[in-house]
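Participant: As input, take data_25.txt (compact mmCIF, C-alpha atoms):
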# COMPACT_ATOMS: atom_id res chain seq x y z
CA ASP D 1 5.66 15.42 9.37
CA THR D 2 4.87 11.88 8.20
CA GLU D 3 1.91 12.82 6.09
CA VAL D 4 1.05 12.28 2.47
CA THR D 5 -1.69 14.63 1.32
CA GLN D 6 -3.94 14.13 -1.66
CA THR D 7 -6.30 16.54 -3.35
CA PRO D 8 -9.10 16.55 -4.10
CA LYS D 9 -10.74 14.12 -1.67
CA HIS D 10 -13.57 13.46 -4.10
CA LEU D 11 -13.83 14.04 -7.84
CA VAL D 12 -16.70 13.50 -10.26
CA MET D 13 -15.86 13.84 -13.93
CA GLY D 14 -17.42 13.13 -17.27
CA MET D 15 -15.83 10.88 -19.86
CA THR D 16 -14.73 13.85 -21.96
CA ASN D 17 -13.23 15.86 -19.10
CA LYS D 18 -9.58 16.40 -18.25
CA LYS D 19 -8.71 16.52 -14.58
CA SER D 20 -5.68 16.01 -12.36
CA LEU D 21 -5.07 14.38 -9.01
CA LYS D 22 -2.38 15.82 -6.79
CA CYS D 23 -0.18 14.21 -4.15
CA GLU D 24 2.35 15.90 -1.88
CA GLN D 25 4.83 14.77 0.74
CA HIS D 26 7.45 16.69 2.70
CA MET D 27 9.35 13.78 4.25
CA GLY D 28 12.25 13.96 1.79
CA HIS D 29 11.16 10.69 0.21
CA ARG D 30 12.57 10.03 -3.23
CA ALA D 31 10.11 7.36 -4.34
CA MET D 32 6.43 8.01 -5.02
CA TYR D 33 3.67 5.69 -6.12
CA TRP D 34 0.16 5.67 -7.57
CA TYR D 35 -2.25 2.86 -6.73
CA LYS D 36 -5.82 2.21 -7.83
CA GLN D 37 -8.28 0.52 -5.48
CA LYS D 38 -11.72 -0.72 -6.45
CA ALA D 39 -14.33 -1.34 -3.78
CA LYS D 40 -13.56 -4.34 -1.53
CA LYS D 41 -10.39 -5.11 -3.51
CA PRO D 42 -6.73 -4.62 -2.60
CA PRO D 43 -4.79 -1.66 -3.99
CA GLU D 44 -3.19 -2.25 -7.41
CA LEU D 45 0.11 -0.62 -8.26
CA MET D 46 -0.04 1.72 -11.25
CA PHE D 47 3.18 3.77 -11.36
CA VAL D 48 6.43 4.17 -9.45
CA TYR D 49 8.61 7.27 -9.60
CA SER D 50 12.16 7.15 -8.32
CA TYR D 51 14.16 10.36 -8.07
CA GLU D 52 11.51 12.10 -10.19
CA LYS D 53 11.83 9.58 -13.02
CA LEU D 54 9.18 7.07 -14.00
CA SER D 55 10.59 3.66 -13.16
CA ILE D 56 7.55 1.39 -13.26
CA ASN D 57 4.40 1.58 -15.37
CA GLU D 58 2.23 -1.44 -14.68
CA SER D 59 0.70 -1.46 -18.19
CA VAL D 60 -1.64 1.38 -17.31
CA PRO D 61 -3.77 2.79 -20.18
CA SER D 62 -2.53 6.07 -21.64
CA ARG D 63 -5.63 7.91 -20.45
CA PHE D 64 -3.75 7.99 -17.12
CA SER D 65 -0.67 10.18 -17.35
CA PRO D 66 1.60 10.58 -14.32
CA GLU D 67 3.91 13.49 -13.71
CA CYS D 68 6.49 14.20 -11.03
CA PRO D 69 7.36 17.95 -11.20
CA ASN D 70 9.69 17.74 -8.19
CA SER D 71 10.62 15.38 -5.39
CA SER D 72 7.67 16.43 -3.23
CA LEU D 73 4.89 16.43 -5.79
CA LEU D 74 3.19 13.75 -7.84
CA ASN D 75 0.33 14.34 -10.24
CA LEU D 76 -1.97 11.99 -12.11
CA HIS D 77 -3.52 13.55 -15.19
CA LEU D 78 -6.80 12.03 -16.30
CA HIS D 79 -8.31 12.27 -19.77
CA ALA D 80 -11.14 10.43 -21.53
CA LEU D 81 -11.73 8.08 -18.64
CA GLN D 82 -14.30 5.30 -18.63
CA PRO D 83 -16.89 4.57 -15.92
CA GLU D 84 -14.89 1.46 -14.95
CA ASP D 85 -12.04 3.78 -13.95
CA SER D 86 -14.11 4.90 -10.98
CA ALA D 87 -12.10 3.93 -7.92
CA LEU D 88 -10.08 5.21 -4.98
CA TYR D 89 -6.70 6.49 -6.18
CA LEU D 90 -3.99 6.23 -3.57
CA CYS D 91 -0.64 7.94 -3.52
CA ALA D 92 2.27 6.68 -1.45
CA SER D 93 5.88 7.60 -0.85
CA SER D 94 8.93 5.88 0.57
CA GLN D 95 12.46 6.87 1.44
CA ASP D 96 14.01 5.16 -1.57
CA THR D 97 13.39 2.32 -3.95
CA SER D 98 16.76 0.60 -3.73
CA GLY D 99 18.44 -1.31 -0.95
CA SER D 100 16.57 -2.57 2.08
CA PRO D 101 12.79 -2.21 1.88
CA TYR D 102 11.40 1.01 3.23
CA GLU D 103 7.91 1.43 4.53
CA GLN D 104 5.48 3.15 2.24
CA TYR D 105 3.40 6.01 3.59
CA PHE D 106 -0.03 6.28 2.00
CA GLY D 107 -2.30 9.24 1.56
CA PRO D 108 -6.05 9.02 2.25
CA GLY D 109 -6.84 8.75 -1.45
CA THR D 110 -9.02 10.54 -3.99
CA ARG D 111 -12.41 8.97 -4.58
CA LEU D 112 -12.98 9.29 -8.34
CA THR D 113 -16.35 8.80 -10.04
CA VAL D 114 -16.53 8.83 -13.82
CA THR D 115 -20.01 9.49 -15.21
CA ASP F 1 6.14 -12.51 -7.52
CA ALA F 2 5.77 -15.05 -4.71
CA LYS F 3 2.19 -15.41 -3.47
CA THR F 4 0.72 -15.24 0.00
CA THR F 5 -2.38 -16.93 1.37
CA GLN F 6 -4.40 -15.42 4.19
CA PRO F 7 -7.79 -16.22 5.73
CA ASN F 8 -10.57 -14.07 4.26
CA SER F 9 -11.73 -12.93 7.66
CA MET F 10 -11.06 -13.32 11.37
CA GLU F 11 -12.79 -12.18 14.50
CA SER F 12 -11.31 -11.41 17.89
CA ASN F 13 -12.43 -10.05 21.21
CA GLU F 14 -11.45 -6.62 22.39
CA GLU F 15 -8.41 -6.55 24.68
CA GLU F 16 -7.34 -10.05 23.64
CA PRO F 17 -4.38 -10.93 21.39
CA VAL F 18 -4.94 -11.25 17.67
CA HIS F 19 -2.93 -13.73 15.62
CA LEU F 20 -3.16 -13.20 11.87
CA PRO F 21 -1.56 -16.01 9.84
CA CYS F 22 0.02 -15.82 6.41
CA ASN F 23 1.32 -18.69 4.29
CA HIS F 24 4.04 -18.03 1.73
CA SER F 25 5.39 -21.43 0.77
CA THR F 26 7.07 -20.13 -2.41
CA ILE F 27 9.02 -17.38 -0.65
CA SER F 28 12.54 -16.91 -1.96
CA GLY F 29 15.59 -16.55 0.25
CA THR F 30 15.76 -12.79 -0.22
CA ASP F 31 12.05 -11.90 -0.01
CA TYR F 32 11.04 -9.62 2.82
CA ILE F 33 7.70 -10.17 4.58
CA HIS F 34 5.70 -6.98 4.98
CA TRP F 35 2.42 -6.31 6.75
CA TYR F 36 0.20 -3.37 6.02
CA ARG F 37 -3.30 -2.66 7.25
CA GLN F 38 -6.11 -0.56 5.90
CA LEU F 39 -8.65 0.90 8.27
CA PRO F 40 -12.09 1.75 6.86
CA SER F 41 -12.05 4.80 4.58
CA GLN F 42 -8.29 5.27 4.93
CA GLY F 43 -5.18 4.53 2.92
CA PRO F 44 -3.05 1.51 3.87
CA GLU F 45 -0.71 1.87 6.79
CA TYR F 46 2.63 0.12 7.29
CA VAL F 47 2.65 -2.23 10.27
CA ILE F 48 5.88 -4.20 10.28
CA HIS F 49 8.34 -6.11 8.13
CA GLY F 50 10.95 -8.81 8.62
CA LEU F 51 13.29 -11.16 6.83
CA THR F 52 14.22 -14.12 9.05
CA SER F 53 14.08 -13.16 12.71
CA ASN F 54 11.01 -12.25 14.72
CA VAL F 55 10.41 -8.51 14.87
CA ASN F 56 8.69 -6.26 17.37
CA ASN F 57 7.63 -2.65 17.09
CA ARG F 58 5.18 -0.40 18.87
CA MET F 59 2.26 -1.62 16.78
CA ALA F 60 2.76 -5.37 16.56
CA SER F 61 5.04 -8.39 16.52
CA LEU F 62 5.94 -10.51 13.54
CA ALA F 63 6.69 -14.17 14.13
CA ILE F 64 8.42 -15.86 11.20
CA ALA F 65 8.59 -19.64 10.92
CA GLU F 66 12.04 -21.17 10.84
CA ASP F 67 11.55 -22.33 7.23
CA ARG F 68 10.06 -18.92 6.37
CA LYS F 69 7.09 -20.55 4.66
CA SER F 70 4.66 -18.86 7.01
CA SER F 71 4.44 -15.93 9.38
CA THR F 72 2.03 -14.55 11.96
CA LEU F 73 1.24 -10.96 12.75
CA ILE F 74 0.46 -10.55 16.44
CA LEU F 75 -1.47 -7.63 17.86
CA HIS F 76 -0.96 -7.98 21.58
CA ARG F 77 -4.19 -6.41 22.75
CA ALA F 78 -6.90 -5.75 20.19
CA THR F 79 -8.84 -2.53 20.34
CA LEU F 80 -11.81 -1.51 18.24
CA ARG F 81 -9.43 0.72 16.31
CA ASP F 82 -7.57 -2.36 15.09
CA ALA F 83 -10.51 -3.50 12.96
CA ALA F 84 -9.05 -3.38 9.45
CA VAL F 85 -7.98 -5.38 6.43
CA TYR F 86 -4.49 -6.76 7.07
CA TYR F 87 -2.27 -7.45 4.09
CA CYS F 88 0.70 -9.82 4.12
CA ILE F 89 3.05 -9.00 1.26
CA LEU F 90 6.32 -10.41 -0.03
CA SER F 91 8.84 -8.34 -1.91
CA PRO F 92 12.48 -8.84 -2.88
CA PRO F 93 14.99 -6.21 -1.80
CA ALA F 94 14.85 -3.35 -4.27
CA THR F 95 17.77 -2.87 -6.62
CA GLU F 96 18.45 -0.37 -9.37
CA THR F 97 16.50 -2.54 -11.79
CA SER F 98 13.98 -4.16 -9.47
CA TYR F 99 12.14 -1.57 -7.53
CA ASP F 100 10.38 -1.89 -4.22
CA LYS F 101 7.06 -3.18 -5.54
CA VAL F 102 4.44 -3.73 -2.91
CA ILE F 103 1.88 -6.07 -4.46
CA PHE F 104 -1.20 -6.43 -2.29
CA GLY F 105 -3.11 -9.71 -2.05
CA PRO F 106 -6.74 -9.96 -0.88
CA GLY F 107 -5.78 -9.67 2.82
CA THR F 108 -7.65 -10.66 5.98
CA SER F 109 -10.58 -8.61 7.20
CA SER F 110 -10.06 -8.56 10.95
CA SER F 111 -12.97 -7.48 13.11
CA VAL F 112 -12.92 -6.81 16.85
CA ILE F 113 -15.91 -7.61 19.06
CA PRO F 114 -16.45 -5.28 22.02
Once more with this new file: its structure as structure tokens, please.
Facilitator:
Amino acid sequence: DTEVTQTPKHLVMGMTNKKSLKCEQHMGHRAMYWYKQKAKKPPELMFVYSYEKLSINESVPSRFSPECPNSSLLNLHLHALQPEDSALYLCASSQDTSGSPYEQYFGPGTRLTVT
Amino acid sequence: DAKTTQPNSMESNEEEPVHLPCNHSTISGTDYIHWYRQLPSQGPEYVIHGLTSNVNNRMASLAIAEDRKSSTLILHRATLRDAAVYYCILSPPATETSYDKVIFGPGTSSSVIP
């Protein structure tokens, strides 16, 4: 199974709502990533988790709060978002973050609209 | 992070080879060259990576210039399914303090004409 799953596929939320995005992989990968992608732009790295610990935060606003409950699951908690946060949120995983580069496997993304 | 330069867009005919160039004149000696692609309405997909030697896999070939300042992704026989944005990315080998960051540039939008 080389699949990364993301739920929900689509999400519409108001600026005062709290919601969460979920990502799951069962490939035994120990590194997981969140990316944000605006329309017609490349994905931008947000967070990297390595062995369930946050290792990179690319200066992401605190209204985005990642969580890695176990090695297979990655959540992104959303609170008080702005309309400009509307984007495709992509999750990825890779075998490890150290040593030779490993390919990243991406999920299909969650299309988020903030109203 | 070292930068890459790719054409904004390229067009190719179905069933013909596709050569997608990438310039990376500021590449360091330890940077790996990665290629990912993103089909419409999908997440990115790993294609291939290399360091110094040319690489082949079931999806594509990667030709790396001797001075490593440029590389070319080769799809041997384009199909309509290969229409995607192709990203050329450089990253150093990950260490305990420098993780495997994949920083995407604008990429090349490659279309295939039937």
Participant: Could the residues of chain F within 12 Å of chain D, counting all atoms listed in the file, be given as a PyMOL selection string, please?
Facilitator: chain F and resi 8+30-51+84-109
Participant: Go ahead and save the residues from that selection, with C-alpha atoms, as an mmCIF file, in the frame of the given file.
Facilitator:
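Listed below is the output, selection_38.cif:
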data_model
loop_
_atom_site.group_PDB
_atom_site.id
_atom_site.type_symbol
_atom_site.label_atom_id
_atom_site.label_comp_id
_atom_site.auth_asym_id
_atom_site.auth_seq_id
_atom_site.Cartn_x
_atom_site.Cartn_y
_atom_site.Cartn_z
ATOM 1 C CA ASN F 8 -10.570 -14.070 4.260
ATOM 2 C CA THR F 30 15.760 -12.790 -0.220
ATOM 3 C CA ASP F 31 12.050 -11.900 -0.010
ATOM 4 C CA TYR F 32 11.040 -9.620 2.820
ATOM 5 C CA ILE F 33 7.700 -10.170 4.580
ATOM 6 C CA HIS F 34 5.700 -6.980 4.980
ATOM 7 C CA TRP F 35 2.420 -6.310 6.750
ATOM 8 C CA TYR F 36 0.200 -3.370 6.020
ATOM 9 C CA ARG F 37 -3.300 -2.660 7.250
ATOM 10 C CA GLN F 38 -6.110 -0.560 5.900
ATOM 11 C CA LEU F 39 -8.650 0.900 8.270
ATOM 12 C CA PRO F 40 -12.090 1.750 6.860
ATOM 13 C CA SER F 41 -12.050 4.800 4.580
ATOM 14 C CA GLN F 42 -8.290 5.270 4.930
ATOM 15 C CA GLY F 43 -5.180 4.530 2.920
ATOM 16 C CA PRO F 44 -3.050 1.510 3.870
ATOM 17 C CA GLU F 45 -0.710 1.870 6.790
ATOM 18 C CA TYR F 46 2.630 0.120 7.290
ATOM 19 C CA VAL F 47 2.650 -2.230 10.270
ATOM 20 C CA ILE F 48 5.880 -4.200 10.280
ATOM 21 C CA HIS F 49 8.340 -6.110 8.130
ATOM 22 C CA GLY F 50 10.950 -8.810 8.620
ATOM 23 C CA LEU F 51 13.290 -11.160 6.830
ATOM 24 C CA ALA F 84 -9.050 -3.380 9.450
ATOM 25 C CA VAL F 85 -7.980 -5.380 6.430
ATOM 26 C CA TYR F 86 -4.490 -6.760 7.070
ATOM 27 C CA TYR F 87 -2.270 -7.450 4.090
ATOM 28 C CA CYS F 88 0.700 -9.820 4.120
ATOM 29 C CA ILE F 89 3.050 -9.000 1.260
ATOM 30 C CA LEU F 90 6.320 -10.410 -0.030
ATOM 31 C CA SER F 91 8.840 -8.340 -1.910
ATOM 32 C CA PRO F 92 12.480 -8.840 -2.880
ATOM 33 C CA PRO F 93 14.990 -6.210 -1.800
ATOM 34 C CA ALA F 94 14.850 -3.350 -4.270
ATOM 35 C CA THR F 95 17.770 -2.870 -6.620
ATOM 36 C CA GLU F 96 18.450 -0.370 -9.370
ATOM 37 C CA THR F 97 16.500 -2.540 -11.790
ATOM 38 C CA SER F 98 13.980 -4.160 -9.470
ATOM 39 C CA TYR F 99 12.140 -1.570 -7.530
ATOM 40 C CA ASP F 100 10.380 -1.890 -4.220
ATOM 41 C CA LYS F 101 7.060 -3.180 -5.540
ATOM 42 C CA VAL F 102 4.440 -3.730 -2.910
ATOM 43 C CA ILE F 103 1.880 -6.070 -4.460
ATOM 44 C CA PHE F 104 -1.200 -6.430 -2.290
ATOM 45 C CA GLY F 105 -3.110 -9.710 -2.050
ATOM 46 C CA PRO F 106 -6.740 -9.960 -0.880
ATOM 47 C CA GLY F 107 -5.780 -9.670 2.820
ATOM 48 C CA THR F 108 -7.650 -10.660 5.980
ATOM 49 C CA SER F 109 -10.580 -8.610 7.200
#
Participant: I'd like the contact shell of region 66-70 of chain D - 9 Å cut-off, only C-alpha atoms, skipping same-chain residues fewer than 2 positions apart - returned as a ChimeraX atom specification.
Facilitator: /D:32,34,47,49,51-54,64,72-78
Participant: Could you work out an axis-aligned box for region 39-48 of chain F, taking every atom the file lists and adding 8 Å on each side, and report centre and edge lengths in Å to one decimal, as lines of an AutoDock Vina configuration file?
Facilitator:
center_x = -3.1
center_y = 0.5
center_z = 6.6
size_x = 34.0
size_y = 25.5
size_z = 23.4
Participant: Have a look at CA of Asn57 (chain D) and CA of Ser93 (chain D) and let me know their distance in Å, one decimal.
Facilitator: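 Answer for the CA of Asn57 (chain D) to CA of Ser93 (chain D) separation: 15.8 Å.
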Participant: In Å, rounded to a single decimal, give me how far CA of Glu3 (chain D) is from CA of Glu14 (chain F).
Facilitator: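 A separation of 28.7 Å between them.
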Participant: Residues proximal to (-5.0, 13.9, -6.9) were defined as those with any atom within 7 Å of that point in the file's coordinates, counting only C-alpha atoms. Which are they, as a ChimeraX atom specification?
Facilitator: /D:6-8,20-23,75-76,110
Participant: Provide the CA of Pro114 (chain F) to CA of Met10 (chain F) distance in Å, to one decimal place.
Facilitator: 14.4 Å
Participant: Calculated over only C-alpha atoms, which of the candidates D:Met27, D:Ala80, D:Leu112, D:Leu11 has the smallest distance to Arg63 (chain D)?
Facilitator: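 Checking each candidate against Arg63 (chain D), we get D:Ala80 as the closest.
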Participant: Find, counting only C-alpha atoms, the residue in F:Leu75, F:Ile64, F:Lys69, F:Thr5 that gets nearest to Ile27 (chain F).
Facilitator: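 Distance minimum relative to Ile27 (chain F) lands on F:Lys69.
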Participant: Some atoms are missing, so please complete region 4-36 of chain D with N, CA and C atoms and return it as a PDB file, in the frame of the given file.
Facilitator:
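Done, and the output landed in selection_31.pdb:
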ATOM      1  N   VAL D   4       1.216  12.153   3.910  1.00  0.00           N
ATOM      2  CA  VAL D   4       1.050  12.280   2.470  1.00  0.00           C
ATOM      3  C   VAL D   4      -0.337  12.870   2.240  1.00  0.00           C
ATOM      4  N   THR D   5      -0.382  13.988   1.551  1.00  0.00           N
ATOM      5  CA  THR D   5      -1.690  14.630   1.320  1.00  0.00           C
ATOM      6  C   THR D   5      -2.102  14.435  -0.127  1.00  0.00           C
ATOM      7  N   GLN D   6      -3.404  14.293  -0.313  1.00  0.00           N
ATOM      8  CA  GLN D   6      -3.940  14.130  -1.660  1.00  0.00           C
ATOM      9  C   GLN D   6      -5.123  15.069  -1.847  1.00  0.00           C
ATOM     10  N   THR D   7      -5.158  15.689  -3.007  1.00  0.00           N
ATOM     11  CA  THR D   7      -6.300  16.540  -3.350  1.00  0.00           C
ATOM     12  C   THR D   7      -6.729  16.239  -4.784  1.00  0.00           C
ATOM     13  N   PRO D   8      -8.027  16.349  -5.077  1.00  0.00           N
ATOM     14  CA  PRO D   8      -9.100  16.550  -4.100  1.00  0.00           C
ATOM     15  C   PRO D   8      -9.431  15.250  -3.359  1.00  0.00           C
ATOM     16  N   LYS D   9     -10.293  15.326  -2.371  1.00  0.00           N
ATOM     17  CA  LYS D   9     -10.740  14.120  -1.670  1.00  0.00           C
ATOM     18  C   LYS D   9     -11.716  13.337  -2.535  1.00  0.00           C
ATOM     19  N   HIS D  10     -12.561  14.071  -3.225  1.00  0.00           N
ATOM     20  CA  HIS D  10     -13.570  13.460  -4.100  1.00  0.00           C
ATOM     21  C   HIS D  10     -13.530  14.183  -5.446  1.00  0.00           C
ATOM     22  N   LEU D  11     -13.799  13.441  -6.510  1.00  0.00           N
ATOM     23  CA  LEU D  11     -13.830  14.040  -7.840  1.00  0.00           C
ATOM     24  C   LEU D  11     -14.854  13.299  -8.678  1.00  0.00           C
ATOM     25  N   VAL D  12     -15.752  14.068  -9.298  1.00  0.00           N
ATOM     26  CA  VAL D  12     -16.700  13.500 -10.260  1.00  0.00           C
ATOM     27  C   VAL D  12     -16.375  14.124 -11.610  1.00  0.00           C
ATOM     28  N   MET D  13     -16.181  13.306 -12.610  1.00  0.00           N
ATOM     29  CA  MET D  13     -15.860  13.840 -13.930  1.00  0.00           C
ATOM     30  C   MET D  13     -16.558  13.061 -15.022  1.00  0.00           C
ATOM     31  N   GLY D  14     -16.828  13.767 -16.114  1.00  0.00           N
ATOM     32  CA  GLY D  14     -17.420  13.130 -17.270  1.00  0.00           C
ATOM     33  C   GLY D  14     -16.357  12.472 -18.120  1.00  0.00           C
ATOM     34  N   MET D  15     -16.779  11.654 -19.042  1.00  0.00           N
ATOM     35  CA  MET D  15     -15.830  10.880 -19.860  1.00  0.00           C
ATOM     36  C   MET D  15     -15.021  11.756 -20.806  1.00  0.00           C
ATOM     37  N   THR D  16     -15.490  12.984 -21.056  1.00  0.00           N
ATOM     38  CA  THR D  16     -14.730  13.850 -21.960  1.00  0.00           C
ATOM     39  C   THR D  16     -13.875  14.877 -21.209  1.00  0.00           C
ATOM     40  N   ASN D  17     -13.970  14.864 -19.890  1.00  0.00           N
ATOM     41  CA  ASN D  17     -13.230  15.860 -19.100  1.00  0.00           C
ATOM     42  C   ASN D  17     -11.748  15.529 -18.998  1.00  0.00           C
ATOM     43  N   LYS D  18     -10.982  16.571 -18.650  1.00  0.00           N
ATOM     44  CA  LYS D  18      -9.580  16.400 -18.250  1.00  0.00           C
ATOM     45  C   LYS D  18      -9.456  16.920 -16.830  1.00  0.00           C
ATOM     46  N   LYS D  19      -8.901  16.113 -15.974  1.00  0.00           N
ATOM     47  CA  LYS D  19      -8.710  16.520 -14.580  1.00  0.00           C
ATOM     48  C   LYS D  19      -7.366  15.992 -14.095  1.00  0.00           C
ATOM     49  N   SER D  20      -6.941  16.481 -12.943  1.00  0.00           N
ATOM     50  CA  SER D  20      -5.680  16.010 -12.360  1.00  0.00           C
ATOM     51  C   SER D  20      -5.850  15.729 -10.883  1.00  0.00           C
ATOM     52  N   LEU D  21      -5.172  14.691 -10.429  1.00  0.00           N
ATOM     53  CA  LEU D  21      -5.070  14.380  -9.010  1.00  0.00           C
ATOM     54  C   LEU D  21      -3.682  14.808  -8.537  1.00  0.00           C
ATOM     55  N   LYS D  22      -3.640  15.311  -7.313  1.00  0.00           N
ATOM     56  CA  LYS D  22      -2.380  15.820  -6.790  1.00  0.00           C
ATOM     57  C   LYS D  22      -2.001  15.106  -5.504  1.00  0.00           C
ATOM     58  N   CYS D  23      -0.710  14.871  -5.348  1.00  0.00           N
ATOM     59  CA  CYS D  23      -0.180  14.210  -4.150  1.00  0.00           C
ATOM     60  C   CYS D  23       1.060  14.971  -3.708  1.00  0.00           C
ATOM     61  N   GLU D  24       1.218  15.141  -2.406  1.00  0.00           N
ATOM     62  CA  GLU D  24       2.350  15.900  -1.880  1.00  0.00           C
ATOM     63  C   GLU D  24       2.886  15.255  -0.612  1.00  0.00           C
ATOM     64  N   GLN D  25       4.197  15.244  -0.493  1.00  0.00           N
ATOM     65  CA  GLN D  25       4.830  14.770   0.740  1.00  0.00           C
ATOM     66  C   GLN D  25       6.047  15.638   1.020  1.00  0.00           C
ATOM     67  N   HIS D  26       6.317  15.860   2.294  1.00  0.00           N
ATOM     68  CA  HIS D  26       7.450  16.690   2.700  1.00  0.00           C
ATOM     69  C   HIS D  26       8.339  15.917   3.664  1.00  0.00           C
ATOM     70  N   MET D  27       8.506  14.627   3.401  1.00  0.00           N
ATOM     71  CA  MET D  27       9.350  13.780   4.250  1.00  0.00           C
ATOM     72  C   MET D  27      10.718  13.554   3.613  1.00  0.00           C
ATOM     73  N   GLY D  28      10.975  14.175   2.468  1.00  0.00           N
ATOM     74  CA  GLY D  28      12.250  13.960   1.790  1.00  0.00           C
ATOM     75  C   GLY D  28      12.328  12.620   1.073  1.00  0.00           C
ATOM     76  N   HIS D  29      11.177  11.977   0.888  1.00  0.00           N
ATOM     77  CA  HIS D  29      11.160  10.690   0.210  1.00  0.00           C
ATOM     78  C   HIS D  29      11.458  10.866  -1.269  1.00  0.00           C
ATOM     79  N   ARG D  30      12.196   9.911  -1.833  1.00  0.00           N
ATOM     80  CA  ARG D  30      12.570  10.030  -3.230  1.00  0.00           C
ATOM     81  C   ARG D  30      11.814   9.060  -4.127  1.00  0.00           C
ATOM     82  N   ALA D  31      10.939   8.259  -3.552  1.00  0.00           N
ATOM     83  CA  ALA D  31      10.110   7.360  -4.340  1.00  0.00           C
ATOM     84  C   ALA D  31       8.645   7.683  -4.082  1.00  0.00           C
ATOM     85  N   MET D  32       7.867   7.729  -5.155  1.00  0.00           N
ATOM     86  CA  MET D  32       6.430   8.010  -5.020  1.00  0.00           C
ATOM     87  C   MET D  32       5.660   7.073  -5.922  1.00  0.00           C
ATOM     88  N   TYR D  33       4.446   6.754  -5.498  1.00  0.00           N
ATOM     89  CA  TYR D  33       3.670   5.690  -6.120  1.00  0.00           C
ATOM     90  C   TYR D  33       2.214   6.116  -6.330  1.00  0.00           C
ATOM     91  N   TRP D  34       1.615   5.598  -7.391  1.00  0.00           N
ATOM     92  CA  TRP D  34       0.160   5.670  -7.570  1.00  0.00           C
ATOM     93  C   TRP D  34      -0.404   4.264  -7.551  1.00  0.00           C
ATOM     94  N   TYR D  35      -1.501   4.106  -6.782  1.00  0.00           N
ATOM     95  CA  TYR D  35      -2.250   2.860  -6.730  1.00  0.00           C
ATOM     96  C   TYR D  35      -3.707   3.163  -7.067  1.00  0.00           C
ATOM     97  N   LYS D  36      -4.375   2.138  -7.585  1.00  0.00           N
ATOM     98  CA  LYS D  36      -5.820   2.210  -7.830  1.00  0.00           C
ATOM     99  C   LYS D  36      -6.483   1.139  -6.974  1.00  0.00           C
TER     100      LYS D  36
END
